[in-house]
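**Q** Sharing coords_36.tsv, TSV, C-alpha atoms:
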chain	number	residue	atom	x	y	z
S	5	MET	CA	27.95	33.34	-75.47
S	6	ARG	CA	26.68	30.73	-73.04
S	7	GLU	CA	27.24	31.63	-69.42
S	8	THR	CA	28.89	28.96	-67.32
S	9	GLN	CA	26.78	27.72	-64.41
S	10	LYS	CA	28.16	26.03	-61.34
S	11	THR	CA	26.48	23.04	-59.79
S	12	GLY	CA	26.07	22.61	-56.05
S	13	SER	CA	29.40	20.80	-55.81
S	14	GLY	CA	31.12	23.68	-57.55
S	15	HIS	CA	33.20	21.33	-59.69
S	16	LEU	CA	31.27	20.87	-62.90
S	17	ASP	CA	29.27	23.05	-65.27
S	18	ALA	CA	25.60	22.18	-65.23
S	19	PRO	CA	25.55	20.97	-68.88
S	20	VAL	CA	28.65	18.83	-68.27
S	21	ALA	CA	27.15	17.35	-65.12
S	22	ALA	CA	23.89	16.70	-66.98
S	23	ARG	CA	25.81	14.95	-69.73
S	24	TRP	CA	27.69	12.77	-67.21
S	25	VAL	CA	24.49	11.85	-65.42
S	26	GLY	CA	22.86	11.02	-68.76
S	27	VAL	CA	25.78	8.83	-69.84
S	28	THR	CA	25.96	7.07	-66.44
S	29	LEU	CA	22.25	6.32	-66.47
S	30	GLY	CA	22.49	5.14	-70.06
S	31	VAL	CA	25.32	2.75	-69.16
S	32	LEU	CA	23.32	1.49	-66.18
S	33	ILE	CA	20.27	0.86	-68.37
S	34	VAL	CA	22.34	-1.05	-70.92
S	35	PHE	CA	24.02	-3.04	-68.11
S	36	LEU	CA	20.69	-4.03	-66.53
S	37	LEU	CA	19.22	-5.08	-69.87
S	38	PHE	CA	22.43	-6.98	-70.67
S	39	LEU	CA	22.16	-8.84	-67.34
S	40	ALA	CA	18.57	-9.72	-68.13
S	41	VAL	CA	19.55	-11.13	-71.52
S	42	LEU	CA	22.58	-12.94	-70.05
S	43	LEU	CA	20.73	-14.66	-67.20
S	44	LEU	CA	18.06	-16.24	-69.38
S	45	PRO	CA	20.39	-18.57	-71.35
S	46	LEU	CA	22.21	-19.47	-68.10
S	47	HIS	CA	18.92	-21.03	-67.04
S	48	PHE	CA	19.54	-23.76	-69.63
S	49	VAL	CA	23.12	-24.67	-68.56
S	50	PRO	CA	23.01	-28.33	-67.39
S	51	TYR	CA	24.01	-29.34	-63.87
S	52	GLY	CA	27.18	-31.17	-64.97
S	53	LYS	CA	28.65	-28.13	-66.72
S	54	ALA	CA	27.63	-25.77	-63.92
S	55	LYS	CA	29.28	-28.04	-61.34
S	56	MET	CA	32.45	-28.25	-63.41
S	57	LEU	CA	32.61	-24.46	-63.56
S	58	PHE	CA	31.84	-24.14	-59.85
S	59	ASP	CA	34.50	-26.69	-58.88
S	60	TRP	CA	37.00	-24.65	-60.86
S	61	TYR	CA	35.83	-21.30	-59.47
S	62	ALA	CA	35.22	-22.03	-55.79
S	63	PRO	CA	38.71	-23.05	-54.61
S	64	ARG	CA	40.21	-19.98	-56.26
S	65	HIS	CA	37.71	-17.37	-55.16
S	66	GLY	CA	36.72	-18.92	-51.86
S	67	ALA	CA	40.29	-19.44	-50.69
S	68	TYR	CA	39.67	-17.72	-47.41
S	69	SER	CA	36.52	-19.61	-46.81
S	70	ASN	CA	38.35	-22.78	-45.71
S	71	THR	CA	35.12	-24.64	-46.17
S	72	ARG	CA	33.60	-27.22	-48.42
S	73	ASN	CA	32.46	-25.60	-51.61
S	74	VAL	CA	30.08	-28.12	-53.06
S	75	LEU	CA	27.42	-27.33	-55.63
S	76	SER	CA	24.78	-29.91	-54.85
S	77	ALA	CA	22.04	-30.74	-57.32
S	78	ALA	CA	19.48	-29.26	-54.92
S	79	ALA	CA	21.39	-25.96	-54.64
S	80	TYR	CA	21.78	-25.87	-58.42
S	81	GLY	CA	18.03	-26.44	-58.77
S	82	HIS	CA	17.23	-23.57	-56.39
S	83	PHE	CA	19.64	-21.27	-58.18
S	84	VAL	CA	18.54	-22.11	-61.71
S	85	ASP	CA	14.86	-21.82	-60.85
S	86	ARG	CA	15.45	-18.25	-59.78
S	87	LEU	CA	17.36	-17.16	-62.86
S	88	PRO	CA	14.28	-16.32	-64.97
S	89	VAL	CA	12.89	-14.30	-62.05
S	90	ALA	CA	16.20	-12.46	-61.69
S	91	ALA	CA	16.30	-11.84	-65.44
S	92	ALA	CA	12.77	-10.43	-65.30
S	93	VAL	CA	13.65	-8.17	-62.36
S	94	PHE	CA	16.75	-6.82	-64.10
S	95	GLY	CA	14.80	-6.36	-67.32
S	96	ILE	CA	11.99	-4.50	-65.60
S	97	CYS	CA	14.48	-2.33	-63.70
S	98	GLY	CA	16.28	-1.50	-66.95
S	99	MET	CA	13.04	-0.59	-68.70
S	100	VAL	CA	11.72	1.47	-65.78
S	101	LEU	CA	15.04	3.27	-65.58
S	102	ALA	CA	14.87	3.99	-69.33
S	103	LEU	CA	11.36	5.39	-68.95
S	104	CYS	CA	12.25	7.52	-65.91
S	105	LYS	CA	15.69	8.55	-67.09
S	106	GLN	CA	14.82	12.24	-67.42
S	107	VAL	CA	13.17	12.49	-63.98
S	108	LEU	CA	15.96	10.56	-62.26
S	109	GLY	CA	18.57	12.67	-64.02
S	110	ARG	CA	16.99	15.87	-62.71
S	111	PHE	CA	16.83	14.36	-59.20
S	112	LEU	CA	20.50	13.39	-59.27
S	113	LEU	CA	21.51	16.83	-60.50
S	114	GLU	CA	19.77	18.41	-57.53
S	115	LEU	CA	21.51	16.13	-55.00
S	116	PRO	CA	24.68	18.23	-54.58
S	117	ALA	CA	22.60	21.22	-53.48
S	118	ASP	CA	20.74	18.99	-50.98
S	119	TRP	CA	24.04	17.63	-49.70
S	120	LYS	CA	25.30	21.19	-49.18
S	121	ALA	CA	22.23	21.94	-47.07
S	122	PHE	CA	22.79	18.75	-45.07
S	123	SER	CA	26.46	19.63	-44.48
S	124	SER	CA	25.43	23.07	-43.33
S	125	TYR	CA	22.93	21.53	-40.89
S	126	PHE	CA	25.56	19.07	-39.62
S	127	GLY	CA	28.01	21.91	-39.06
S	128	ARG	CA	25.42	23.91	-37.10
S	129	GLN	CA	25.09	21.02	-34.65
S	130	PHE	CA	28.64	21.71	-33.46
S	131	ASP	CA	28.45	25.47	-33.60
S	132	LYS	CA	27.79	26.11	-29.93
S	133	GLY	CA	31.07	27.55	-28.68
S	134	PRO	CA	32.74	26.53	-25.40
S	135	GLU	CA	29.92	24.18	-24.31
S	136	THR	CA	30.71	21.91	-27.21
S	137	ILE	CA	34.23	21.12	-26.02
S	138	LEU	CA	32.97	19.84	-22.68
S	139	GLU	CA	30.19	17.98	-24.44
S	140	ILE	CA	32.52	16.36	-26.94
S	141	ALA	CA	34.89	15.37	-24.13
S	142	SER	CA	31.96	13.75	-22.29
S	143	VAL	CA	30.92	11.87	-25.40
S	144	ALA	CA	34.51	10.80	-26.02
S	145	ILE	CA	34.69	9.34	-22.49
S	146	VAL	CA	31.35	7.57	-22.94
S	147	PHE	CA	32.51	6.30	-26.33
S	148	GLY	CA	35.78	5.06	-24.79
S	149	ILE	CA	33.89	3.17	-22.08
S	150	GLY	CA	31.58	1.67	-24.69
S	151	VAL	CA	34.48	0.55	-26.87
S	152	PHE	CA	36.28	-0.95	-23.86
S	153	LEU	CA	33.19	-2.94	-22.80
S	154	ARG	CA	32.70	-4.24	-26.32
S	155	TRP	CA	36.34	-5.15	-26.73
S	156	HIS	CA	36.33	-6.87	-23.33
S	157	HIS	CA	33.44	-9.12	-24.38
S	158	LEU	CA	34.67	-9.73	-27.92
S	159	GLY	CA	36.09	-13.16	-27.08
S	160	ARG	CA	32.78	-14.64	-25.89
S	161	PRO	CA	31.95	-18.09	-27.27
S	162	VAL	CA	30.50	-18.04	-30.77
S	163	CYS	CA	26.70	-18.38	-30.83
S	164	PHE	CA	24.73	-20.72	-33.07
S	165	ASP	CA	23.49	-18.02	-35.44
S	166	GLU	CA	26.96	-16.57	-35.84
S	167	ALA	CA	28.36	-20.00	-36.67
S	168	TRP	CA	25.54	-20.55	-39.14
S	169	THR	CA	26.20	-17.17	-40.75
S	170	TYR	CA	29.84	-18.03	-41.27
S	171	VAL	CA	29.64	-21.70	-42.26
S	172	ASP	CA	26.64	-21.49	-44.56
S	173	PHE	CA	27.02	-18.00	-46.02
S	174	ALA	CA	30.05	-15.80	-45.31
S	175	ALA	CA	32.65	-18.50	-45.93
S	176	ARG	CA	31.29	-19.25	-49.38
S	177	PRO	CA	32.47	-17.61	-52.61
S	178	LEU	CA	31.30	-14.03	-53.04
S	179	GLY	CA	28.69	-14.93	-55.66
S	180	LEU	CA	27.00	-17.31	-53.23
S	181	VAL	CA	27.32	-14.88	-50.32
S	182	LEU	CA	25.04	-12.46	-52.12
S	183	SER	CA	22.75	-14.80	-54.00
S	184	ARG	CA	21.89	-17.42	-51.39
S	185	TYR	CA	18.95	-16.60	-49.15
S	186	PRO	CA	17.32	-19.79	-47.88
S	187	ALA	CA	16.35	-18.16	-44.59
S	188	PRO	CA	16.20	-14.67	-43.09
S	189	ASN	CA	19.21	-15.71	-41.02
S	190	ASN	CA	21.37	-14.40	-43.83
S	191	HIS	CA	21.71	-10.68	-43.10
S	192	LEU	CA	23.16	-9.88	-46.49
S	193	LEU	CA	25.17	-6.73	-45.78
S	194	ASN	CA	26.56	-8.21	-42.56
S	195	THR	CA	27.41	-11.47	-44.33
S	196	LEU	CA	29.19	-9.57	-47.09
S	197	LEU	CA	31.21	-7.57	-44.57
S	198	ILE	CA	32.11	-10.74	-42.62
S	199	HIS	CA	33.24	-12.31	-45.89
S	200	PHE	CA	35.79	-9.51	-46.26
S	201	SER	CA	36.69	-9.14	-42.58
S	202	THR	CA	37.45	-12.86	-42.24
S	203	ALA	CA	39.57	-12.55	-45.36
S	204	TRP	CA	41.51	-9.85	-43.53
S	205	PHE	CA	41.59	-11.21	-39.96
S	206	GLY	CA	41.24	-14.91	-40.72
S	207	ASN	CA	38.65	-17.25	-39.26
S	208	THR	CA	38.79	-15.70	-35.79
S	209	VAL	CA	36.17	-14.18	-33.52
S	210	LEU	CA	37.55	-10.75	-34.42
S	211	GLY	CA	37.06	-11.49	-38.11
S	212	LEU	CA	33.59	-12.87	-37.49
S	213	ARG	CA	32.48	-9.96	-35.30
S	214	PHE	CA	34.40	-7.04	-36.73
S	215	PRO	CA	31.53	-5.50	-38.77
S	216	ALA	CA	29.12	-5.81	-35.84
S	217	LEU	CA	31.75	-4.44	-33.46
S	218	VAL	CA	32.47	-1.37	-35.59
S	219	ALA	CA	28.77	-0.67	-36.10
S	220	GLY	CA	28.07	-1.26	-32.40
S	221	CYS	CA	30.75	1.27	-31.47
S	222	LEU	CA	29.53	3.83	-34.03
S	223	VAL	CA	26.02	3.54	-32.63
S	224	ILE	CA	27.23	5.41	-29.52
S	225	PRO	CA	28.12	8.70	-31.25
S	226	ALA	CA	25.17	8.24	-33.62
S	227	THR	CA	22.83	8.03	-30.63
S	228	TRP	CA	24.40	11.11	-29.11
S	229	PHE	CA	24.02	12.98	-32.38
S	230	LEU	CA	20.37	12.05	-32.77
S	231	GLY	CA	19.51	12.67	-29.10
S	232	ARG	CA	21.23	16.03	-29.25
S	233	ALA	CA	19.48	17.05	-32.43
S	234	LEU	CA	16.08	16.08	-31.04
S	235	TYR	CA	16.21	16.92	-27.34
S	236	GLY	CA	19.46	18.77	-26.58
S	237	SER	CA	22.95	18.06	-25.26
S	238	ALA	CA	22.07	16.39	-21.97
S	239	ALA	CA	19.66	13.99	-23.63
S	240	GLY	CA	22.25	13.14	-26.27
S	241	ILE	CA	24.95	12.29	-23.73
S	242	LEU	CA	22.52	10.34	-21.54
S	243	ALA	CA	21.29	8.29	-24.50
S	244	ALA	CA	24.86	7.66	-25.69
S	245	GLY	CA	25.80	6.54	-22.16
S	246	ALA	CA	22.89	4.11	-22.08
S	247	VAL	CA	23.83	2.65	-25.44
S	248	ALA	CA	27.49	2.42	-24.41
S	249	GLY	CA	26.86	0.55	-21.18
S	250	LEU	CA	23.59	-1.39	-21.33
S	251	PRO	CA	24.25	-5.15	-21.56
S	252	THR	CA	21.89	-5.73	-24.49
S	253	PHE	CA	23.71	-3.19	-26.64
S	254	VAL	CA	27.10	-4.57	-25.62
S	255	GLU	CA	25.99	-8.15	-26.30
S	256	PHE	CA	24.63	-7.45	-29.76
S	257	SER	CA	27.68	-5.35	-30.65
S	258	VAL	CA	29.85	-8.44	-30.18
S	259	ASN	CA	27.46	-10.77	-31.96
S	260	GLY	CA	28.46	-11.37	-35.56
S	261	ARG	CA	25.01	-10.66	-36.90
S	262	GLY	CA	23.41	-7.70	-38.63
S	263	TYR	CA	21.62	-6.19	-35.64
S	264	SER	CA	24.11	-3.47	-34.74
S	265	LEU	CA	24.34	-2.52	-38.42
S	266	GLN	CA	20.57	-2.23	-38.37
S	267	TRP	CA	20.68	0.11	-35.34
S	268	LEU	CA	23.23	2.29	-37.07
S	269	ARG	CA	21.15	2.45	-40.21
S	270	THR	CA	18.01	3.24	-38.22
S	271	LEU	CA	19.71	6.04	-36.31
S	272	TRP	CA	21.11	7.40	-39.53
S	273	SER	CA	17.65	7.37	-41.12
S	274	ALA	CA	16.06	9.02	-38.08
S	275	THR	CA	18.58	11.85	-37.94
S	276	PRO	CA	16.72	14.99	-38.97
U	6	MET	CA	39.21	-44.34	-50.04
U	7	ALA	CA	35.65	-44.13	-48.77
U	8	PRO	CA	34.59	-40.54	-48.10
U	9	ASP	CA	33.76	-39.57	-44.54
U	10	ALA	CA	31.22	-37.04	-43.42
U	11	LEU	CA	30.18	-35.14	-40.34
U	12	VAL	CA	26.59	-34.49	-39.41
U	13	GLY	CA	26.25	-31.84	-36.76
U	14	ASN	CA	24.91	-28.36	-36.40
U	15	ALA	CA	26.45	-25.09	-37.56
U	16	LEU	CA	28.27	-24.56	-34.28
U	17	ILE	CA	30.01	-27.93	-34.44
U	18	GLU	CA	30.95	-27.35	-38.07
U	19	TYR	CA	32.28	-23.89	-37.22
U	20	VAL	CA	34.49	-25.19	-34.41
U	21	LEU	CA	35.85	-27.98	-36.60
U	22	LEU	CA	36.46	-25.51	-39.41
U	23	GLN	CA	38.33	-23.22	-37.05
U	24	ARG	CA	40.42	-25.92	-35.39
U	25	ASN	CA	41.16	-28.15	-38.34
U	26	PRO	CA	40.25	-26.63	-41.71
U	27	ARG	CA	42.10	-29.35	-43.63
U	28	LEU	CA	40.04	-32.08	-42.02
U	29	TYR	CA	36.85	-30.07	-42.57
U	30	ARG	CA	37.63	-29.59	-46.26
U	31	ALA	CA	38.35	-33.30	-46.65
U	32	LEU	CA	34.85	-34.24	-45.53
U	33	SER	CA	32.18	-35.03	-48.08
U	34	GLN	CA	28.46	-34.43	-48.18
U	35	PRO	CA	26.61	-36.77	-45.77
U	36	GLN	CA	24.50	-38.33	-48.52
U	37	ASP	CA	27.65	-39.41	-50.42
U	38	ALA	CA	29.59	-40.70	-47.43
U	39	SER	CA	30.45	-44.28	-46.54
U	40	ARG	CA	31.25	-43.45	-42.94
U	41	VAL	CA	29.48	-40.78	-40.96
U	42	VAL	CA	30.12	-39.29	-37.56
U	43	ALA	CA	27.01	-37.60	-36.26
U	44	VAL	CA	26.56	-35.32	-33.30
U	45	VAL	CA	22.90	-35.49	-32.37
U	46	MET	CA	21.54	-32.86	-30.00
U	47	LYS	CA	19.01	-33.82	-27.36
U	48	ARG	CA	15.64	-32.24	-27.97
U	49	THR	CA	13.82	-31.47	-24.77
U	50	GLY	CA	11.39	-28.94	-26.18
U	51	ASN	CA	11.42	-25.20	-25.84
U	52	MET	CA	13.42	-24.26	-22.74
U	53	GLU	CA	13.76	-20.53	-23.28
U	54	ILE	CA	11.88	-19.70	-20.08
U	55	CYS	CA	13.64	-22.38	-18.01
U	56	SER	CA	16.48	-21.63	-15.64
U	57	SER	CA	19.90	-23.22	-16.25
U	58	THR	CA	19.24	-25.73	-13.47
U	59	GLU	CA	15.91	-26.76	-14.99
U	60	GLN	CA	17.52	-27.07	-18.42
U	61	ALA	CA	20.32	-29.25	-17.07
U	62	ALA	CA	17.80	-31.46	-15.26
U	63	ALA	CA	15.71	-31.89	-18.41
U	64	LEU	CA	18.79	-32.76	-20.46
U	65	ALA	CA	20.13	-35.16	-17.85
U	66	ALA	CA	16.79	-37.00	-17.73
U	67	GLU	CA	17.44	-38.29	-21.26
U	68	GLN	CA	20.02	-41.05	-21.44
U	69	SER	CA	21.00	-40.19	-24.99
U	70	ALA	CA	19.75	-38.27	-28.02
U	71	SER	CA	17.64	-40.36	-30.37
U	72	PRO	CA	19.46	-41.40	-33.56
U	73	GLY	CA	16.11	-41.10	-35.30
U	74	PHE	CA	16.76	-37.37	-35.63
U	75	LEU	CA	19.47	-38.28	-38.14
U	76	ALA	CA	16.77	-39.12	-40.65
U	77	GLU	CA	16.59	-35.37	-41.37
U	78	SER	CA	20.13	-35.50	-42.80
U	79	LEU	CA	20.64	-39.11	-43.87
U	80	ASP	CA	18.78	-41.98	-45.45
U	81	LEU	CA	19.15	-44.24	-42.42
U	82	ALA	CA	18.01	-47.31	-44.36
U	83	ARG	CA	21.29	-47.22	-46.26
U	84	TYR	CA	23.37	-47.44	-43.08
U	85	GLN	CA	24.00	-50.07	-40.45
U	86	GLN	CA	22.76	-49.58	-36.93
U	87	PRO	CA	24.26	-46.37	-35.47
U	88	GLU	CA	26.89	-46.98	-32.79
U	89	VAL	CA	27.16	-44.72	-29.78
U	90	ARG	CA	30.66	-43.22	-29.55
U	91	ALA	CA	30.23	-40.68	-26.79
U	92	LYS	CA	27.53	-39.29	-24.57
U	93	PHE	CA	27.36	-35.72	-23.37
U	94	LEU	CA	24.82	-33.79	-21.37
U	95	THR	CA	23.51	-31.99	-24.44
U	96	SER	CA	24.30	-34.44	-27.23
U	97	THR	CA	25.27	-37.95	-28.28
U	98	VAL	CA	27.90	-38.84	-30.85
U	99	TYR	CA	27.08	-41.71	-33.23
U	100	SER	CA	29.04	-43.35	-35.98
U	101	LEU	CA	27.38	-44.97	-38.99
U	102	VAL	CA	28.76	-47.22	-41.74
U	103	ARG	CA	27.06	-47.63	-45.07
U	104	LYS	CA	25.64	-51.10	-45.74
U	105	ALA	CA	27.78	-53.40	-47.89
U	106	ALA	CA	25.25	-53.55	-50.73
U	107	GLU	CA	25.76	-49.84	-51.23
Can you dump the structure from the file as structure tokens?
**A**
Amino acid sequence: MRETQKTGSGHLDAPVAARWVGVTLGVLIVFLLFLAVLLLPLHFVPYGKAKMLFDWYAPRHGAYSNTRNVLSAAAYGHFVDRLPVAAAVFGICGMVLALCKQVLGRFLLELPADWKAFSSYFGRQFDKGPETILEIASVAIVFGIGVFLRWHHLGRPVCFDEAWTYVDFAARPLGLVLSRYPAPNNHLLNTLLIHFSTAWFGNTVLGLRFPALVAGCLVIPATWFLGRALYGSAAGILAAGAVAGLPTFVEFSVNGRGYSLQWLRTLWSATP
Amino acid sequence: MAPDALVGNALIEYVLLQRNPRLYRALSQPQDASRVVAVVMKRTGNMEICSSTEQAAALAAEQSASPGFLAESLDLARYQQPEVRAKFLTSTVYSLVRKAAE
């Protein structure tokens, strides 16, 4: 009789997990190839029909944009010209995924065990007894000061790049938010988050800056965590204090752009 | 009714959108408009290393922003002579009406 094996997560038998991973990857491959096949004929849809569809779609799905949703002939041209490239990219991704399905499947099956090791490492960072309470209290105070400073400066006048981000990208329908990249000014993840935060908070400075504000606040504990892991408690608190109070960090944490998200991602990547 | 349009920069559009979204939505694309209000910024070169006082002096030295900069957004040949509506330290507001033949 086959002996049941537990995966790293402890929830699924290894064969069941392998089957799920196989099915998921199979669905993803089919989806990518389907997208590739779908995008090619869209390349031949004439401007008039595309505009008719856009005029129907935009007011419904861009309701919180409060902006002009106009599909100009130039924008249509840019979009349509890229469709064959997008179809090729999706097609290649689907084929590469099909070729590497076995290898990727094995990698994904090993992830839970890796995650367990990471969790164990994370837990060890806080396993230092009484010192930790004082340290965490210090970091909490530093974090509180950082949040206060950021909140205090949240109402600063909107800058040109923030306005551009909102008017030209975030306020547009979701499809355009993610597919329009005429300049590196469009920080895609930030724009996407602003799209949702302005839907929630309205077209206000809080809505415009909420993703940057949250990331800018989270950078403080992330800096502490990284500094602590690399150079010890004192270095961690000192670094967190610098990030909390230095004007540049405060300024970019209340700037509705992707910079504070980038810091957070960098710190996350650098964490051992 | 003839469509109106605004030509400005992202900041001006953002403020209008925030203060009066209905008006902003009612505007058309500049190239389709019969009447255009344009906010033209003065261009005094790169002033990143200048102090605020130096920047203000450089801006004040120019009487008004050149309407020629509008050529980037509009086909000026299709419009009558731009009329100055307001002058500010950093910008000049013009209004333009499309020529009758159009």
**Q** Tell me, in Å to one decimal, how far CA of Ala38 in chain U is from CA of Gly206 in chain S.
**A**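 Atom-to-atom, CA of Ala38 in chain U and CA of Gly206 in chain S are spaced 29.1 Å apart.
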**Q** What's the 12 Å shell around Val44 in chain U, counting all atoms listed in the file, without same-chain residues fewer than 3 positions away, as a PyMOL selection string?
**A** chain U and resi 10-18+41+47+69-72+74-75+78+87-93+95-101
**Q** Taking all atoms listed in the file into account, what are the residues of chain U at most 8 Å from chain S, put as a compact mmCIF listing (two decimals) with C-alpha atoms, in the frame of the given file?
**A**
# COMPACT_ATOMS: atom_id res chain seq x y z
CA ALA U 15 26.45 -25.09 -37.56
CA LEU U 16 28.27 -24.56 -34.28
CA GLU U 18 30.95 -27.35 -38.07
CA TYR U 19 32.28 -23.89 -37.22
CA LEU U 22 36.46 -25.51 -39.41
CA GLN U 23 38.33 -23.22 -37.05
CA PRO U 26 40.25 -26.63 -41.71
CA ARG U 27 42.10 -29.35 -43.63
CA TYR U 29 36.85 -30.07 -42.57
CA ARG U 30 37.63 -29.59 -46.26
CA ALA U 31 38.35 -33.30 -46.65
CA LEU U 32 34.85 -34.24 -45.53
CA SER U 33 32.18 -35.03 -48.08
**Q** When you look at range 195-198 of chain S with a cut-off of 6 Å (counting only C-alpha atoms), what residues show up, excluding the ones that are within fewer than 3 positions of it in the same chain? I need them as an MDAnalysis selection string.
**A** chainID S and resid 174 191:192 201:202 212
**Q** What does the structure give for the distance between CA of Ala244 in chain S and CA of Val218 in chain S, in Å to one decimal?
**A**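 CA of Val218 in chain S lies 15.4 Å from CA of Ala244 in chain S.
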**Q** Work out how far apart CA of Asn259 in chain S and CA of Gly150 in chain S are and give it in Å to one decimal.
**A**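 Distance reported for this atom pair: 15.0 Å.
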